[in-house]
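This report refers to the structure that appears directly beneath it.
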Amino acid sequence: MKLSTRGIYALRILSQLATHYGESPLSVAELSRREGISGKYLEQIIATLKKRGLVVSTRGKKGGYTLRQAPEKITLGDVIRAVDGPLAPIPCASVTAPFVCTDGPYEYDTCWIRLLMLRVRDNISAILDRETLADMIQDAAASKRRI
């Protein structure tokens, strides 16, 4: 699993929406200004987040984007999977789109590399599926980091 720039930006965008959860929607222009992400690129990312059901849009003069659910209910795993796909470090360790190697000398069910990567995937998933946007905001506040 490699966290892409899109994944990092998605986390940053959602951290802004989580910080302002329950308030007025944030516009693309405002999110772009706060995070230093180009408006066009931010629109692409937020369109994916909307399609995956993580954000909702409000039209109009005071329109923009808000989280679909409370920050406590959205995990970092939800976000990363929405923009980057499976968390598996190699294709044959994917839960949602497993790939069977045909060029290796090992049997699929006994390949030691695949078995190791399954454990890696499970540990990554366990952490990211436990941590929420609310946790991320609290951690940033505790360490006095900017969100």
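Just so we're on the same page: first chain in the structure tokens is A, next is B, and so on; residues restart at 1 for each chain, and ligands are numbered from 1 in the order they show up.
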Practice item. Mind checking which residues fall within 12 Å of Ser94 of chain A, counting only C-alpha atoms, ignoring those fewer than 5 positions away in the same chain, and posting them as a list of chain:residue names? Key: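 Everything that qualifies: A:Met1, A:Arg81, A:Gly85, A:Pro86, A:Leu87, A:Ala88, A:Pro89, A:Phe99, A:Val100, A:Arg114, A:Leu115, A:Met117, A:Leu118, A:Arg119, A:Val120, A:Arg121, A:Asp122, A:Ser125.
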Take the selection from the previous step and output its residues with C-alpha atoms, as a short mmCIF file (atom, residue, chain, number, x, y, z; two decimals), in the first residue's frame.
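What ended up in result23.cif:
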data_model
loop_
_atom_site.label_atom_id
_atom_site.label_comp_id
_atom_site.auth_asym_id
_atom_site.auth_seq_id
_atom_site.Cartn_x
_atom_site.Cartn_y
_atom_site.Cartn_z
CA MET A 1 0.00 0.00 0.00
CA ARG A 81 -9.94 3.04 0.14
CA GLY A 85 -8.46 1.53 -3.60
CA PRO A 86 -7.49 -1.59 -1.63
CA LEU A 87 -4.99 -1.38 1.22
CA ALA A 88 -3.15 -4.52 0.07
CA PRO A 89 0.60 -4.02 -0.41
CA PHE A 99 -4.88 -11.48 -8.17
CA VAL A 100 -3.33 -14.90 -8.66
CA ARG A 114 1.65 -13.58 -0.10
CA LEU A 115 1.12 -14.93 3.44
CA MET A 117 1.72 -9.53 2.85
CA LEU A 118 -1.67 -10.73 4.12
CA ARG A 119 -0.44 -10.07 7.66
CA VAL A 120 0.91 -6.67 6.63
CA ARG A 121 -2.44 -5.82 4.99
CA ASP A 122 -4.37 -6.97 8.06
CA SER A 125 -6.26 -2.27 7.91
#
Practice item. Could you give me, as a PyMOL selection string, each residue of segment 41-144 of chain A that DSSP assigns to helix (DSSP H, G or I) when run on this structure's backbone? Key: chain A and resi 41-51+71-73+76-84+91-93+108-110+112-130+133-142
Exercise for review: Skip Val28 of chain A itself and residues of its chain fewer than 6 positions away, then list as a ChimeraX atom specification all residues within 7 Å of it, counting only C-alpha atoms.
Suggested key: /A:39,43,64
What lies within 9 Å of Lys62 of chain A using only C-alpha atoms, ignoring chain neighbours under 3 positions off, as an mmCIF file with N, CA and C atoms, in the first residue's frame?
data_model
loop_
_atom_site.group_PDB
_atom_site.id
_atom_site.type_symbol
_atom_site.label_atom_id
_atom_site.label_comp_id
_atom_site.auth_asym_id
_atom_site.auth_seq_id
_atom_site.Cartn_x
_atom_site.Cartn_y
_atom_site.Cartn_z
ATOM 1 N N SER A 24 -21.629 25.615 8.644
ATOM 2 C CA SER A 24 -21.960 25.849 7.233
ATOM 3 C C SER A 24 -21.022 25.059 6.328
ATOM 4 N N PRO A 25 -21.493 24.709 5.133
ATOM 5 C CA PRO A 25 -20.631 24.000 4.180
ATOM 6 C C PRO A 25 -19.402 24.834 3.816
ATOM 7 N N LEU A 26 -18.323 24.154 3.467
ATOM 8 C CA LEU A 26 -17.110 24.827 2.998
ATOM 9 C C LEU A 26 -17.052 24.710 1.480
ATOM 10 N N SER A 27 -16.795 25.822 0.814
ATOM 11 C CA SER A 27 -16.723 25.839 -0.645
ATOM 12 C C SER A 27 -15.385 25.275 -1.120
ATOM 13 N N THR A 58 -23.949 21.035 -1.089
ATOM 14 C CA THR A 58 -25.083 21.939 -0.971
ATOM 15 C C THR A 58 -24.906 23.002 -2.046
ATOM 16 N N ARG A 59 -25.934 23.207 -2.841
ATOM 17 C CA ARG A 59 -25.868 24.208 -3.909
ATOM 18 C C ARG A 59 -26.231 25.587 -3.372
#
Review point. Atom CA of Cys111 of chain A and atom CA of Ile80 of chain A are how many Å apart?
Key: 27.1 Å
**Study point:** Selection: 8 Å around segment 131-143 of chain A, only C-alpha atoms, excl. self and same-chain fewer than 5 positions, as a PyMOL selection string
**Key:** chain A and resi 14-15+18-19+71-77
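One finds atom CA of Ile45 of chain A at 6.5 Å from atom CA of Ala10 of chain A.
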